[in-house]
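S.K.: Following this message is one structure expressed as structure tokens.
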Amino acid sequence: MHLKIQPARIAIVALLALLVAGCSKPDRPMTSSGDYFDPYEKTNRKIHAFNIALDRAAFRPASKGYVTVVPDPMVESFSNFADNLSMPKNMVNALLQGNPKLFGQALARFLMNTTIGFAGLADPATEFGLPPAQTDFGETLYVWGAREGAYVELPILGPSTERDAAGTLVDFFLNPIGYARNNPADNITAYAEIVQRMGDRGKFADTIDSILYESEDSYAQARVIYLQNRRFELVGAGSETYADPYDDTFPDDTYEDPYAE
């Protein structure tokens with residue numbers, strides 16, 4: 001597989017990585033892992049309203065139709081395919097994080113699922129006991145010491161932070177598959193991501209609908225769920241605390257499960 005060197009893409013990745021250093025710093029101390037810094041709330045709520053309108057008019061019915069018409073095994077296969085396409089990007093992020101174990105897990109999963117897993121449509125790696133190897137550039141920035149920054153809601157993509165928003169943009173350019181000369185289709189990783197998101201939206205429709213359409217304040221509900229789950233994800237499932245280790249405005253506090261009664 002030959003790779004195309006595209007200086008413009010490399011420059012964009014480098015620029016975005018530098019820009020994240022300017023993430024907004026909270027102007028007040030946060031007292032718990034469920035606290036937040038949302039100086040753009042007025043704009044975020046407008047984007048949230050746009051996202052809900054788009055979901056109601058297009059994404060929700062399309063996703064429900066997709067999981068209704070397409071058999072469950074095929075929905076799962078398409079999700080596996082998208083996961084497998086993300087492995088090269090995960091390998092790059094693992095290297096950037098200085099995590100050889102994660103790199104090895106992502107490489108092993110990619111090789112196994114691409115070969116005996118029919119190009120990733122099946123997931124024999126999981127059946128053989130290989131652990132998940134998901135990461136992203138937002139986590140890489142966390143490891144590098146970038147602050148979380150302000151909470152933001154992105155058009156179409158939904159809840160995020162300044163750090164994760166920058167990470168999302170970099171991840172778009174970071175996957176080596178996007179530079180292959182012999183790609184079977186242009187932007188195949190983007191198409192696979194869309195199909196996977198449709199499958200997830202359809203499978204978890206009841207939960208997502210309860211947040212977006214049944215909550216008294218769906219914006220606030222989505223914000224707290226995203227921030228608590230993301231912070232917990234970054235420190236690892238084996239830890240019960242969250243703190244941004246590179247920002248002294250975040251003290252160590254007990255993680256609170258937003259779903260706990």
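Following the order of the structure tokens, chains are lettered A, B, ..., residues in each are numbered from 1, and ligands are numbered from 1.
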Mind checking which residues fall within 12 Å of A:Asn99, counting only C-alpha atoms, ignoring those fewer than 6 positions away in the same chain, and posting them as a PDB file with C-alpha atoms, in the first residue's frame?
M.R.:
ATOM      1  CA  ASN A  90      -5.508   4.422  16.961  1.00  0.00           C
ATOM      2  CA  MET A  91      -2.011   3.054  16.346  1.00  0.00           C
ATOM      3  CA  VAL A  92      -0.731   6.529  15.485  1.00  0.00           C
ATOM      4  CA  ASN A  93      -2.330   7.998  18.597  1.00  0.00           C
ATOM      5  CA  GLN A 105      -3.254  -4.225  20.722  1.00  0.00           C
ATOM      6  CA  ALA A 106      -4.487  -1.989  17.890  1.00  0.00           C
ATOM      7  CA  ALA A 133      -7.934  -0.594  21.466  1.00  0.00           C
ATOM      8  CA  THR A 135      -8.309   6.010  21.508  1.00  0.00           C
ATOM      9  CA  GLU A 139      -6.848  11.579  24.589  1.00  0.00           C
ATOM     10  CA  THR A 140      -3.417  12.205  23.082  1.00  0.00           C
ATOM     11  CA  VAL A 143      -1.658  12.823  27.811  1.00  0.00           C
TER      12      VAL A 143
END
S.K.: Can you tell me which residues surround A:Ile47 at a distance of at most 8 Å, considering only C-alpha atoms, apart from same-chain residues fewer than 3 positions away, and format the answer as a PDB file with N, CA and C atoms, in the first residue's frame?
M.R.:
ATOM      1  N   THR A  43     -24.362  30.361  22.820  1.00  0.00           N
ATOM      2  CA  THR A  43     -24.137  29.845  21.466  1.00  0.00           C
ATOM      3  C   THR A  43     -24.310  28.334  21.426  1.00  0.00           C
ATOM      4  N   ASN A  44     -23.820  27.644  22.454  1.00  0.00           N
ATOM      5  CA  ASN A  44     -23.959  26.192  22.503  1.00  0.00           C
ATOM      6  C   ASN A  44     -25.418  25.762  22.466  1.00  0.00           C
ATOM      7  N   PHE A  50     -30.229  23.372  16.976  1.00  0.00           N
ATOM      8  CA  PHE A  50     -30.043  22.974  15.573  1.00  0.00           C
ATOM      9  C   PHE A  50     -29.827  21.474  15.464  1.00  0.00           C
ATOM     10  N   ASN A  51     -29.003  20.915  16.354  1.00  0.00           N
ATOM     11  CA  ASN A  51     -28.726  19.476  16.313  1.00  0.00           C
ATOM     12  C   ASN A  51     -29.984  18.654  16.574  1.00  0.00           C
ATOM     13  N   GLU A 153     -20.610  22.618  22.114  1.00  0.00           N
ATOM     14  CA  GLU A 153     -21.437  21.683  21.340  1.00  0.00           C
ATOM     15  C   GLU A 153     -21.168  21.955  19.873  1.00  0.00           C
ATOM     16  N   LEU A 154     -20.780  20.899  19.159  1.00  0.00           N
ATOM     17  CA  LEU A 154     -20.425  21.020  17.758  1.00  0.00           C
ATOM     18  C   LEU A 154     -21.628  20.734  16.867  1.00  0.00           C
ATOM     19  N   PRO A 155     -21.775  21.453  15.772  1.00  0.00           N
ATOM     20  CA  PRO A 155     -22.848  21.133  14.831  1.00  0.00           C
ATOM     21  C   PRO A 155     -22.726  19.693  14.346  1.00  0.00           C
TER      22      PRO A 155
END
S.K.: From the options A:Phe59, A:Phe172, A:Phe81, A:Tyr40, which residue's atoms come nearest to A:Asp209, counting only C-alpha atoms?
M.R.: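 Closest to A:Asp209 of all the choices is A:Phe59.
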S.K.: Env of A:Thr189: 12 Å cut, atoms = only C-alpha atoms, seq-sep filter 5 positions within chain, self excluded. Answer as number ranges by chain.
M.R.: A: 78-79, 81-89, 171-180, 183-184, 194-196
S.K.: Would you export the selected residues with N, CA and C atoms as a tab-separated table (two decimals), in the first residue's frame, please?
M.R.:
chain	number	residue	atom	x	y	z
A	78	PHE	N	-21.14	-3.91	9.77
A	78	PHE	CA	-20.75	-2.58	9.31
A	78	PHE	C	-20.07	-1.81	10.44
A	79	SER	N	-20.54	-2.01	11.67
A	79	SER	CA	-19.91	-1.36	12.82
A	79	SER	C	-18.50	-1.91	13.03
A	81	PHE	N	-16.60	-3.12	10.73
A	81	PHE	CA	-15.80	-2.60	9.61
A	81	PHE	C	-15.29	-1.20	9.93
A	82	ALA	N	-16.18	-0.35	10.47
A	82	ALA	CA	-15.77	1.01	10.82
A	82	ALA	C	-14.74	1.00	11.93
A	83	ASP	N	-14.94	0.13	12.94
A	83	ASP	CA	-13.96	0.02	14.02
A	83	ASP	C	-12.59	-0.39	13.49
A	84	ASN	N	-12.60	-1.34	12.55
A	84	ASN	CA	-11.33	-1.83	12.01
A	84	ASN	C	-10.61	-0.74	11.22
A	85	LEU	N	-11.36	0.07	10.48
A	85	LEU	CA	-10.74	1.17	9.74
A	85	LEU	C	-10.12	2.21	10.66
A	86	SER	N	-10.61	2.28	11.91
A	86	SER	CA	-10.07	3.26	12.85
A	86	SER	C	-8.78	2.78	13.52
A	87	MET	N	-8.44	1.51	13.36
A	87	MET	CA	-7.27	0.98	14.07
A	87	MET	C	-5.96	1.65	13.67
A	88	PRO	N	-5.69	1.92	12.38
A	88	PRO	CA	-4.44	2.63	12.05
A	88	PRO	C	-4.34	3.99	12.72
A	89	LYS	N	-5.46	4.70	12.79
A	89	LYS	CA	-5.48	5.99	13.50
A	89	LYS	C	-5.20	5.79	14.98
A	171	ASP	N	-7.98	14.01	14.18
A	171	ASP	CA	-8.24	12.60	13.86
A	171	ASP	C	-8.73	12.44	12.42
A	172	PHE	N	-9.44	13.44	11.92
A	172	PHE	CA	-9.94	13.37	10.55
A	172	PHE	C	-8.80	13.25	9.54
A	173	PHE	N	-7.66	13.86	9.86
A	173	PHE	CA	-6.51	13.84	8.96
A	173	PHE	C	-5.45	12.81	9.36
A	174	LEU	N	-5.65	12.17	10.51
A	174	LEU	CA	-4.58	11.37	11.09
A	174	LEU	C	-4.54	9.93	10.60
A	175	ASN	N	-5.65	9.40	10.10
A	175	ASN	CA	-5.70	7.99	9.73
A	175	ASN	C	-4.87	7.73	8.47
A	176	PRO	N	-3.86	6.87	8.56
A	176	PRO	CA	-3.02	6.59	7.39
A	176	PRO	C	-3.79	6.04	6.21
A	177	ILE	N	-4.93	5.39	6.44
A	177	ILE	CA	-5.73	4.85	5.34
A	177	ILE	C	-6.15	5.95	4.37
A	178	GLY	N	-6.37	7.15	4.91
A	178	GLY	CA	-6.78	8.26	4.06
A	178	GLY	C	-5.70	8.71	3.08
A	179	TYR	N	-4.45	8.25	3.29
A	179	TYR	CA	-3.35	8.65	2.41
A	179	TYR	C	-2.96	7.54	1.43
A	180	ALA	N	-3.68	6.42	1.47
A	180	ALA	CA	-3.33	5.30	0.59
A	180	ALA	C	-3.71	5.59	-0.85
A	183	ASN	N	-6.89	3.24	-2.33
A	183	ASN	CA	-8.12	3.16	-1.57
A	183	ASN	C	-9.24	2.62	-2.45
A	184	PRO	N	-10.06	1.70	-1.95
A	184	PRO	CA	-11.18	1.22	-2.75
A	184	PRO	C	-12.23	2.30	-2.99
A	194	ILE	N	-20.13	7.33	9.35
A	194	ILE	CA	-21.54	7.73	9.26
A	194	ILE	C	-22.45	6.53	9.44
A	195	VAL	N	-22.13	5.43	8.76
A	195	VAL	CA	-22.95	4.22	8.88
A	195	VAL	C	-22.92	3.69	10.30
A	196	GLN	N	-21.74	3.72	10.93
A	196	GLN	CA	-21.65	3.25	12.32
A	196	GLN	C	-22.48	4.12	13.25
S.K.: Given only C-alpha atoms as the basis, pick out the residue of A:Gly65, A:Gly202, A:Asp38, A:Ala222 nearest to A:Glu162.
M.R.: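 Looking at the shortest contact to A:Glu162, the residue is A:Asp38.
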S.K.: Grab the atom CA of A:Arg147 to atom CA of A:Arg163 distance for me, in Å with one decimal place.
M.R.: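 About the pair atom CA of A:Arg147 and atom CA of A:Arg163: they are 6.8 Å apart.
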S.K.: Quick check, in Å to one decimal: how far apart do atom CA of A:Phe118 and atom CA of A:Gln134 lie?
M.R.: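 These two atoms are separated by 20.2 Å.
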S.K.: What is the distance between atom CA of A:Asp206 and atom CA of A:Gly236, in Å to one decimal?
M.R.: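 Between atom CA of A:Asp206 and atom CA of A:Gly236 the gap is 27.0 Å.
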S.K.: Measuring atom to atom with only C-alpha atoms, identify which of A:Ala192, A:Ala125, A:Ala58, A:Leu157 is nearest to A:Leu169.
M.R.: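 Result for the nearest residue to A:Leu169: A:Leu157.
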